[in-house]
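Structure first, then comments.
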Amino acid sequence: MIVKKDRRLRVGVLGCGPIAQFAHLESCLKASNADLYAICDAAPDLLARMGATYEPRKMYGDYDEMLADPELEAVIVATSDAYHVPMSTKALEAGKHVLCEKPIGVSVEEGEKLAEAVKRSGKVLQVGHMKRFDPALEAARDFVRDEMGEILALKAWYCDSTHRYTNTDAVQPLPVTSKLARKPGGNPKADLRQYFMLAHGSHLVDTARFLCGEITAVRARLNERFGAYCWFVETEFANGALGHLDLTVAVRMDWHEGFQLYGQNGSVIAKTFNPWYFRASEVDIFHEKDATSRKPLGADGHFFRRQLEGLADTVLNGAPQRGATVEDGVASIRAMVAIARSVESGERVELANVTGAV
């Protein structure tokens with residue numbers, strides 16, 4: 001049952017494509033402290049269809065016009081990766097808060113440029129690393145922060161499946177598309193190394209940072225065979241922990257995602273599901289002090305709605321930001337760039353020294 005609070009963040013969604021339809025438009029309707037105030041898309045037919053379905057108060061075919069609306073308080077940037085930085089920057093400069101889909105950019109420089117825009121604006125920008133709002137992963141993070149003590153090592157994996165669309169097509173609505181949709185120049189999938197790292201590696205890197213903190217250096221190898229890509233990444237954390245990250249696209253098995261985390265006062269083992277199941281991870285938290293395990297249910301698995309509610313709580317009530325900050329977004333880009341440079345050179349790469357694009 002949806003119970004709306006009296007004061008709600010007035011949100012505009014930029015882009016009415018699949019990610020908005022699968023995640024963000026519904027999140028605005030279901031969020032307790034936010035409303036779908038406006039939608040914006042360059043394709044008039046898609047805009048009309050989504051307007052009739054979700055019934056926002058305002059509809060815009062021009063982004064600048066939506067940003068000029070004084071009633072609009074925040075924007076969800078649900079566009080292609082190439083538009084994330086310029087569209088987020090425009091919103092910040094117009095005095096709006098931002099929830100930007102991940103990754104926030106494709107290069108270190110544009111990520112840092114966006115971070116500067118956030119600082120100038122004084123507004124809140126949250127990166128759409130929605131796995132931070134998986135309630136079971138939050139429970140694991142809380143254990144790491146409050147009880148685990150020193151961290152020894154993390155093993156984490158994100159393995160997309162050859163059967164993912166068979167699974168997700170059965171549970172997702174058929175997306176409404178338009179021939180008039182605005183797309184970036186070129187084909188983002190022309191370079192699959194870059195595309196897979198940005199689309200999937202950004203999740204793996206952010207989960208590692210969410211649990212273990214700052215990544216300082218990586219040494220990575222990439223194996224490409226029979227149309228599959230496998231990155232094995234040795235990871236060094238600022239707290240002295242070691243990490244092993246496995247990004248494989250696509251495994252010949254079911255979706256395979258999770259981690260094992262070993263610490264001074266206990267351990268965590270997690271299995272994470274395809275996000276479109278809206279199912280919280282299965283997490284087993286082992287407490288060394290009394291040799292017992294705890295498995296939080298995490299019944300509310302709508303990560304996309306929960307991340308919007310987190311943003312709204314920060315904006316409306318001054319609550320600490322629970323989601324990924326722009327600094328987290330830049331750190332993710334640095335990690336992905338470092339992985340790419342390490343694959344090319346075969347050498348250990350420090351994140352502080354990297355420049356350029358993934």
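Chain identifiers are assigned as A, B, and so on, following the order in which chains appear in the structure tokens; residues are numbered from 1 within each chain, and ligands are numbered from 1 in order of appearance.
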
Could I get the residues of segment 241-321 of chain A with an atom no further than 12 Å from an atom of segment 12-22 of chain A, each paired with its nearest atom pair and that distance in Å to one decimal, using only C-alpha atoms, sorted by chain and residue number, as a tab-separated table?
residue	atom	partner	partner_atom	distance
A:Pro275	CA	A:Phe22	CA	10.7
A:Trp276	CA	A:Phe22	CA	8.2
A:Tyr277	CA	A:Phe22	CA	11.2
A:Phe278	CA	A:Phe22	CA	11.0
A:His302	CA	A:Phe22	CA	11.3
A:Phe303	CA	A:Phe22	CA	11.9
A:Phe304	CA	A:Phe22	CA	9.6
A:Arg305	CA	A:Phe22	CA	11.3
A:Leu308	CA	A:Val13	CA	11.7

**Message:** If we count only C-alpha atoms and set the cut-off at 8 Å, which residues sit around segment 236-246 of chain A, ignoring sequence neighbours fewer than 2 positions away in its own chain? Please answer as an MDAnalysis selection string.
**Reply:** chainID A and resid 151:159 204 212:218 230:234 248

Residues from the last selection, N, CA, C and O atoms, saved as an mmCIF file, in the first residue's frame:
data_model
loop_
_atom_site.group_PDB
_atom_site.id
_atom_site.type_symbol
_atom_site.label_atom_id
_atom_site.label_comp_id
_atom_site.auth_asym_id
_atom_site.auth_seq_id
_atom_site.Cartn_x
_atom_site.Cartn_y
_atom_site.Cartn_z
ATOM 1 N N ILE A 151 39.082 -5.568 7.781
ATOM 2 C CA ILE A 151 38.699 -6.390 6.627
ATOM 3 C C ILE A 151 39.954 -7.046 6.060
ATOM 4 O O ILE A 151 40.963 -6.381 5.819
ATOM 5 N N LEU A 152 39.869 -8.335 5.859
ATOM 6 C CA LEU A 152 40.980 -9.067 5.260
ATOM 7 C C LEU A 152 40.896 -9.078 3.745
ATOM 8 O O LEU A 152 41.856 -8.711 3.061
ATOM 9 N N ALA A 153 39.747 -9.490 3.216
ATOM 10 C CA ALA A 153 39.660 -9.646 1.766
ATOM 11 C C ALA A 153 38.209 -9.660 1.295
ATOM 12 O O ALA A 153 37.291 -10.028 2.040
ATOM 13 N N LEU A 154 38.031 -9.251 0.039
ATOM 14 C CA LEU A 154 36.735 -9.284 -0.647
ATOM 15 C C LEU A 154 36.892 -10.025 -1.961
ATOM 16 O O LEU A 154 37.813 -9.753 -2.733
ATOM 17 N N LYS A 155 36.006 -10.957 -2.216
ATOM 18 C CA LYS A 155 35.868 -11.566 -3.532
ATOM 19 C C LYS A 155 34.466 -11.224 -4.028
ATOM 20 O O LYS A 155 33.484 -11.544 -3.363
ATOM 21 N N ALA A 156 34.376 -10.567 -5.170
ATOM 22 C CA ALA A 156 33.070 -10.159 -5.686
ATOM 23 C C ALA A 156 32.985 -10.466 -7.168
ATOM 24 O O ALA A 156 33.978 -10.384 -7.890
ATOM 25 N N TRP A 157 31.781 -10.822 -7.607
ATOM 26 C CA TRP A 157 31.609 -11.194 -9.008
ATOM 27 C C TRP A 157 30.292 -10.635 -9.540
ATOM 28 O O TRP A 157 29.309 -10.495 -8.824
ATOM 29 N N TYR A 158 30.324 -10.281 -10.812
ATOM 30 C CA TYR A 158 29.140 -9.798 -11.533
ATOM 31 C C TYR A 158 29.204 -10.462 -12.893
ATOM 32 O O TYR A 158 30.019 -10.083 -13.748
ATOM 33 N N CYS A 159 28.375 -11.477 -13.088
ATOM 34 C CA CYS A 159 28.434 -12.292 -14.291
ATOM 35 C C CYS A 159 27.078 -12.271 -14.983
ATOM 36 O O CYS A 159 26.129 -12.929 -14.543
ATOM 37 N N LEU A 204 29.824 -3.423 -10.265
ATOM 38 C CA LEU A 204 30.761 -4.242 -9.498
ATOM 39 C C LEU A 204 31.725 -3.367 -8.700
ATOM 40 O O LEU A 204 31.964 -3.611 -7.510
ATOM 41 N N CYS A 212 33.891 -1.914 1.091
ATOM 42 C CA CYS A 212 35.276 -1.885 1.576
ATOM 43 C C CYS A 212 35.947 -0.523 1.509
ATOM 44 O O CYS A 212 37.095 -0.389 1.939
ATOM 45 N N GLY A 213 35.284 0.463 0.940
ATOM 46 C CA GLY A 213 35.887 1.788 0.901
ATOM 47 C C GLY A 213 36.729 2.038 -0.341
ATOM 48 O O GLY A 213 36.603 1.349 -1.361
ATOM 49 N N GLU A 214 37.598 2.996 -0.240
ATOM 50 C CA GLU A 214 38.348 3.505 -1.393
ATOM 51 C C GLU A 214 39.265 2.443 -2.004
ATOM 52 O O GLU A 214 40.011 1.755 -1.305
ATOM 53 N N ILE A 215 39.204 2.351 -3.337
ATOM 54 C CA ILE A 215 40.130 1.513 -4.098
ATOM 55 C C ILE A 215 41.314 2.384 -4.505
ATOM 56 O O ILE A 215 41.136 3.473 -5.057
ATOM 57 N N THR A 216 42.531 1.907 -4.226
ATOM 58 C CA THR A 216 43.717 2.711 -4.527
ATOM 59 C C THR A 216 44.477 2.238 -5.766
ATOM 60 O O THR A 216 45.109 3.047 -6.444
ATOM 61 N N ALA A 217 44.429 0.946 -6.063
ATOM 62 C CA ALA A 217 45.183 0.431 -7.206
ATOM 63 C C ALA A 217 44.569 -0.876 -7.683
ATOM 64 O O ALA A 217 43.906 -1.592 -6.911
ATOM 65 N N VAL A 218 44.809 -1.180 -8.970
ATOM 66 C CA VAL A 218 44.306 -2.429 -9.557
ATOM 67 C C VAL A 218 45.372 -3.042 -10.460
ATOM 68 O O VAL A 218 46.266 -2.358 -10.962
ATOM 69 N N CYS A 230 35.926 -11.699 -19.989
ATOM 70 C CA CYS A 230 36.134 -11.960 -18.567
ATOM 71 C C CYS A 230 37.287 -11.116 -18.054
ATOM 72 O O CYS A 230 38.434 -11.270 -18.513
ATOM 73 N N TRP A 231 36.992 -10.212 -17.126
ATOM 74 C CA TRP A 231 37.999 -9.424 -16.438
ATOM 75 C C TRP A 231 38.233 -10.010 -15.051
ATOM 76 O O TRP A 231 37.264 -10.197 -14.287
ATOM 77 N N PHE A 232 39.474 -10.303 -14.708
ATOM 78 C CA PHE A 232 39.865 -10.616 -13.333
ATOM 79 C C PHE A 232 40.701 -9.442 -12.843
ATOM 80 O O PHE A 232 41.702 -9.070 -13.482
ATOM 81 N N VAL A 233 40.304 -8.862 -11.724
ATOM 82 C CA VAL A 233 40.929 -7.620 -11.255
ATOM 83 C C VAL A 233 41.415 -7.789 -9.819
ATOM 84 O O VAL A 233 40.606 -7.975 -8.896
ATOM 85 N N GLU A 234 42.733 -7.759 -9.624
ATOM 86 C CA GLU A 234 43.285 -7.668 -8.280
ATOM 87 C C GLU A 234 43.115 -6.235 -7.795
ATOM 88 O O GLU A 234 43.474 -5.283 -8.500
ATOM 89 N N THR A 248 32.281 -10.899 -15.799
ATOM 90 C CA THR A 248 32.194 -11.795 -16.953
ATOM 91 C C THR A 248 30.881 -11.563 -17.682
ATOM 92 O O THR A 248 29.805 -11.580 -17.076
#

**Asked** What residues in segment 57-164 of chain A get the DSSP label alpha helix (DSSP H)? Please answer as an MDAnalysis selection string.
**Response** chainID A and resid 63:67 84:93 108:121 135:146 164

**Message:** I'd like the neighbourhood of segment 103-107 of chain A as a list in words, where a residue qualifies if any of its atoms comes within 7 Å (using only C-alpha atoms), though same-chain residues fewer than 4 positions away should be ignored.
**Reply:**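 Counting only C-alpha atoms, the residues come to Asp81, His84, Val85, Gly111, Val127, Leu198, Ser202, Gly329, Ile333, Gly356, Ala357 and Val358 of chain A.
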
Can those selected residues be exported to a file as a PDB file, in the first residue's frame so that it contains all heavy atoms?
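Listed below is the output, out-v3.pdb:
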ATOM      1  N   ASP A  81      24.321   7.271 -21.787  1.00  0.00           N
ATOM      2  CA  ASP A  81      25.490   7.675 -20.993  1.00  0.00           C
ATOM      3  C   ASP A  81      26.095   8.984 -21.474  1.00  0.00           C
ATOM      4  O   ASP A  81      26.528   9.815 -20.665  1.00  0.00           O
ATOM      5  CB  ASP A  81      26.569   6.584 -21.055  1.00  0.00           C
ATOM      6  CG  ASP A  81      26.143   5.294 -20.376  1.00  0.00           C
ATOM      7  OD1 ASP A  81      25.083   5.282 -19.729  1.00  0.00           O
ATOM      8  OD2 ASP A  81      26.869   4.290 -20.503  1.00  0.00           O
ATOM      9  N   HIS A  84      24.727  12.130 -19.792  1.00  0.00           N
ATOM     10  CA  HIS A  84      24.631  12.235 -18.339  1.00  0.00           C
ATOM     11  C   HIS A  84      25.252  13.519 -17.801  1.00  0.00           C
ATOM     12  O   HIS A  84      24.621  14.242 -17.019  1.00  0.00           O
ATOM     13  CB  HIS A  84      25.289  11.026 -17.672  1.00  0.00           C
ATOM     14  CG  HIS A  84      24.479   9.765 -17.796  1.00  0.00           C
ATOM     15  ND1 HIS A  84      24.922   8.553 -17.326  1.00  0.00           N
ATOM     16  CD2 HIS A  84      23.260   9.536 -18.348  1.00  0.00           C
ATOM     17  CE1 HIS A  84      24.011   7.634 -17.578  1.00  0.00           C
ATOM     18  NE2 HIS A  84      23.002   8.198 -18.200  1.00  0.00           N
ATOM     19  N   VAL A  85      26.488  13.793 -18.190  1.00  0.00           N
ATOM     20  CA  VAL A  85      27.167  14.976 -17.651  1.00  0.00           C
ATOM     21  C   VAL A  85      26.534  16.273 -18.135  1.00  0.00           C
ATOM     22  O   VAL A  85      26.202  17.147 -17.320  1.00  0.00           O
ATOM     23  CB  VAL A  85      28.677  14.935 -17.960  1.00  0.00           C
ATOM     24  CG1 VAL A  85      29.328  16.272 -17.643  1.00  0.00           C
ATOM     25  CG2 VAL A  85      29.350  13.827 -17.152  1.00  0.00           C
ATOM     26  N   GLY A 111      33.837  13.528 -15.434  1.00  0.00           N
ATOM     27  CA  GLY A 111      33.350  13.274 -14.083  1.00  0.00           C
ATOM     28  C   GLY A 111      33.772  14.378 -13.125  1.00  0.00           C
ATOM     29  O   GLY A 111      32.967  14.848 -12.303  1.00  0.00           O
ATOM     30  N   VAL A 127      24.162   9.554  -7.667  1.00  0.00           N
ATOM     31  CA  VAL A 127      24.387   8.670  -8.811  1.00  0.00           C
ATOM     32  C   VAL A 127      23.526   7.418  -8.642  1.00  0.00           C
ATOM     33  O   VAL A 127      23.386   6.898  -7.536  1.00  0.00           O
ATOM     34  CB  VAL A 127      25.875   8.271  -8.915  1.00  0.00           C
ATOM     35  CG1 VAL A 127      26.129   7.470 -10.184  1.00  0.00           C
ATOM     36  CG2 VAL A 127      26.755   9.515  -8.886  1.00  0.00           C
ATOM     37  N   LEU A 198      31.280  -0.094 -18.658  1.00  0.00           N
ATOM     38  CA  LEU A 198      30.435   1.002 -18.186  1.00  0.00           C
ATOM     39  C   LEU A 198      29.088   0.492 -17.676  1.00  0.00           C
ATOM     40  O   LEU A 198      28.610   0.928 -16.630  1.00  0.00           O
ATOM     41  CB  LEU A 198      30.218   2.015 -19.307  1.00  0.00           C
ATOM     42  CG  LEU A 198      31.433   2.844 -19.728  1.00  0.00           C
ATOM     43  CD1 LEU A 198      31.122   3.630 -20.996  1.00  0.00           C
ATOM     44  CD2 LEU A 198      31.849   3.791 -18.614  1.00  0.00           C
ATOM     45  N   SER A 202      30.579  -0.860 -13.685  1.00  0.00           N
ATOM     46  CA  SER A 202      30.295   0.234 -12.752  1.00  0.00           C
ATOM     47  C   SER A 202      29.559  -0.287 -11.519  1.00  0.00           C
ATOM     48  O   SER A 202      29.787   0.183 -10.401  1.00  0.00           O
ATOM     49  CB  SER A 202      29.481   1.330 -13.444  1.00  0.00           C
ATOM     50  OG  SER A 202      28.269   0.818 -13.976  1.00  0.00           O
ATOM     51  N   GLY A 329      30.804   8.636  -7.802  1.00  0.00           N
ATOM     52  CA  GLY A 329      30.709   8.431  -9.246  1.00  0.00           C
ATOM     53  C   GLY A 329      32.037   8.625  -9.948  1.00  0.00           C
ATOM     54  O   GLY A 329      32.409   7.854 -10.840  1.00  0.00           O
ATOM     55  N   ILE A 333      34.503   5.874 -12.054  1.00  0.00           N
ATOM     56  CA  ILE A 333      35.118   6.097 -13.362  1.00  0.00           C
ATOM     57  C   ILE A 333      36.621   5.849 -13.280  1.00  0.00           C
ATOM     58  O   ILE A 333      37.207   5.186 -14.144  1.00  0.00           O
ATOM     59  CB  ILE A 333      34.846   7.531 -13.870  1.00  0.00           C
ATOM     60  CG1 ILE A 333      33.355   7.764 -14.084  1.00  0.00           C
ATOM     61  CG2 ILE A 333      35.594   7.774 -15.184  1.00  0.00           C
ATOM     62  CD1 ILE A 333      33.009   9.194 -14.444  1.00  0.00           C
ATOM     63  N   GLY A 356      41.696  10.284 -18.779  1.00  0.00           N
ATOM     64  CA  GLY A 356      41.079   9.810 -20.007  1.00  0.00           C
ATOM     65  C   GLY A 356      39.826   8.993 -19.787  1.00  0.00           C
ATOM     66  O   GLY A 356      39.236   8.987 -18.713  1.00  0.00           O
ATOM     67  N   ALA A 357      39.435   8.295 -20.854  1.00  0.00           N
ATOM     68  CA  ALA A 357      38.166   7.573 -20.872  1.00  0.00           C
ATOM     69  C   ALA A 357      38.357   6.078 -20.658  1.00  0.00           C
ATOM     70  O   ALA A 357      39.446   5.547 -20.821  1.00  0.00           O
ATOM     71  CB  ALA A 357      37.454   7.826 -22.213  1.00  0.00           C
ATOM     72  N   VAL A 358      37.262   5.420 -20.287  1.00  0.00           N
ATOM     73  CA  VAL A 358      37.260   3.970 -20.104  1.00  0.00           C
ATOM     74  C   VAL A 358      37.550   3.287 -21.441  1.00  0.00           C
ATOM     75  O   VAL A 358      36.983   3.664 -22.464  1.00  0.00           O
ATOM     76  CB  VAL A 358      35.904   3.488 -19.566  1.00  0.00           C
ATOM     77  CG1 VAL A 358      35.860   1.968 -19.467  1.00  0.00           C
ATOM     78  CG2 VAL A 358      35.629   4.123 -18.199  1.00  0.00           C
TER      79      VAL A 358
END

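What separates atom CA of Thr272 of chain A from atom CA of His256 of chain A is a distance of 7.5 Å.
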
**Request:** Quick one: everything within 8 Å of Lys271 of chain A, counting only C-alpha atoms, minus sequence neighbours fewer than 3 positions away in the same chain. Send it as a ChimeraX atom specification.
**Result:** /A:256-259,281-283

For the residues in that selection, give me N, CA, C and O atoms as a tab-separated table (two decimals), in the first residue's frame.
chain	number	residue	atom	x	y	z
A	256	HIS	N	24.81	-14.61	-12.26
A	256	HIS	CA	25.67	-15.04	-11.16
A	256	HIS	C	26.35	-13.82	-10.59
A	256	HIS	O	27.30	-13.28	-11.16
A	257	GLU	N	25.83	-13.35	-9.45
A	257	GLU	CA	26.37	-12.13	-8.84
A	257	GLU	C	26.39	-12.28	-7.33
A	257	GLU	O	25.48	-12.86	-6.74
A	258	GLY	N	27.44	-11.76	-6.71
A	258	GLY	CA	27.51	-11.81	-5.26
A	258	GLY	C	28.91	-11.50	-4.76
A	258	GLY	O	29.76	-10.99	-5.49
A	259	PHE	N	29.16	-11.84	-3.49
A	259	PHE	CA	30.48	-11.59	-2.92
A	259	PHE	C	30.70	-12.44	-1.69
A	259	PHE	O	29.75	-12.95	-1.07
A	281	SER	N	19.04	-9.13	-2.12
A	281	SER	CA	20.07	-10.17	-2.09
A	281	SER	C	19.82	-11.14	-0.93
A	281	SER	O	19.18	-10.79	0.07
A	282	GLU	N	20.34	-12.35	-1.09
A	282	GLU	CA	20.39	-13.29	0.01
A	282	GLU	C	21.75	-13.13	0.68
A	282	GLU	O	22.78	-13.39	0.06
A	283	VAL	N	21.75	-12.69	1.93
A	283	VAL	CA	22.99	-12.37	2.63
A	283	VAL	C	23.07	-13.19	3.92
A	283	VAL	O	22.12	-13.21	4.71

**Message:** Would you pick out the contacts of His129 of chain A at 8 Å or less, using only C-alpha atoms, so that residues sharing its chain but fewer than 6 positions from it are not included, and give the list as a PyMOL selection string?
**Reply:** chain A and resi 101-102+203+206+323-324

**Item:** DSSP strand (DSSP E or B) selection over segment 195-311 of chain A, as number ranges by chain
**Value:** A: 215-225, 228-237, 242-251, 256-263, 266-272, 282-287, 292-294

**Request:** Could you give me, as number ranges by chain, the residues within 7 Å of segment 42-46 of chain A, counting only C-alpha atoms and dropping anything in the same chain fewer than 5 positions from it?
**Result:** A: 16, 61-62, 177-178, 180-182

Can you write just those residues out, N, CA and C atoms, as a PDB file, in the first residue's frame?
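Saved the output as out_7.pdb:
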ATOM      1  N   CYS A  16      12.193   9.228 -21.634  1.00  0.00           N
ATOM      2  CA  CYS A  16      11.081   8.307 -21.385  1.00  0.00           C
ATOM      3  C   CYS A  16      11.329   6.943 -22.011  1.00  0.00           C
ATOM      4  N   GLY A  61       8.580  18.887 -24.220  1.00  0.00           N
ATOM      5  CA  GLY A  61       9.379  18.380 -25.331  1.00  0.00           C
ATOM      6  C   GLY A  61      10.740  19.040 -25.381  1.00  0.00           C
ATOM      7  N   ASP A  62      10.946  20.044 -24.534  1.00  0.00           N
ATOM      8  CA  ASP A  62      12.197  20.800 -24.503  1.00  0.00           C
ATOM      9  C   ASP A  62      12.738  20.806 -23.070  1.00  0.00           C
ATOM     10  N   THR A 177       8.677   2.288 -27.586  1.00  0.00           N
ATOM     11  CA  THR A 177       9.787   2.945 -28.270  1.00  0.00           C
ATOM     12  C   THR A 177       9.266   3.950 -29.299  1.00  0.00           C
ATOM     13  N   SER A 178      10.185   4.735 -29.828  1.00  0.00           N
ATOM     14  CA  SER A 178       9.825   5.731 -30.834  1.00  0.00           C
ATOM     15  C   SER A 178      10.934   5.858 -31.862  1.00  0.00           C
ATOM     16  N   LEU A 180      11.474   8.471 -33.302  1.00  0.00           N
ATOM     17  CA  LEU A 180      11.909   9.867 -33.163  1.00  0.00           C
ATOM     18  C   LEU A 180      12.806  10.075 -31.943  1.00  0.00           C
ATOM     19  N   ALA A 181      13.152   8.995 -31.264  1.00  0.00           N
ATOM     20  CA  ALA A 181      13.986   9.112 -30.074  1.00  0.00           C
ATOM     21  C   ALA A 181      15.333   9.717 -30.410  1.00  0.00           C
ATOM     22  N   ARG A 182      15.839  10.565 -29.521  1.00  0.00           N
ATOM     23  CA  ARG A 182      17.141  11.203 -29.730  1.00  0.00           C
ATOM     24  C   ARG A 182      18.236  10.289 -29.201  1.00  0.00           C
TER      25      ARG A 182
END

Set the distance at 10 Å and use only C-alpha atoms: which residues neighbour Pro320 of chain A once local chain neighbours fewer than 6 positions away are removed? I'd like the list as a CSV table (one decimal) with N, CA, C and O atoms, in the first residue's frame.
chain,number,residue,atom,x,y,z
A,310,GLY,N,15.6,8.1,-0.9
A,310,GLY,CA,16.8,8.5,-0.2
A,310,GLY,C,17.2,9.9,-0.6
A,310,GLY,O,17.5,10.8,0.2
A,311,LEU,N,17.1,10.2,-1.9
A,311,LEU,CA,17.4,11.5,-2.4
A,311,LEU,C,16.5,12.5,-1.8
A,311,LEU,O,16.9,13.6,-1.4
A,313,ASP,N,14.7,12.4,0.9
A,313,ASP,CA,14.9,12.6,2.3
A,313,ASP,C,16.1,13.6,2.6
A,313,ASP,O,16.1,14.4,3.5
A,314,THR,N,17.1,13.5,1.7
A,314,THR,CA,18.3,14.4,1.9
A,314,THR,C,17.9,15.8,1.5
A,314,THR,O,18.2,16.8,2.2
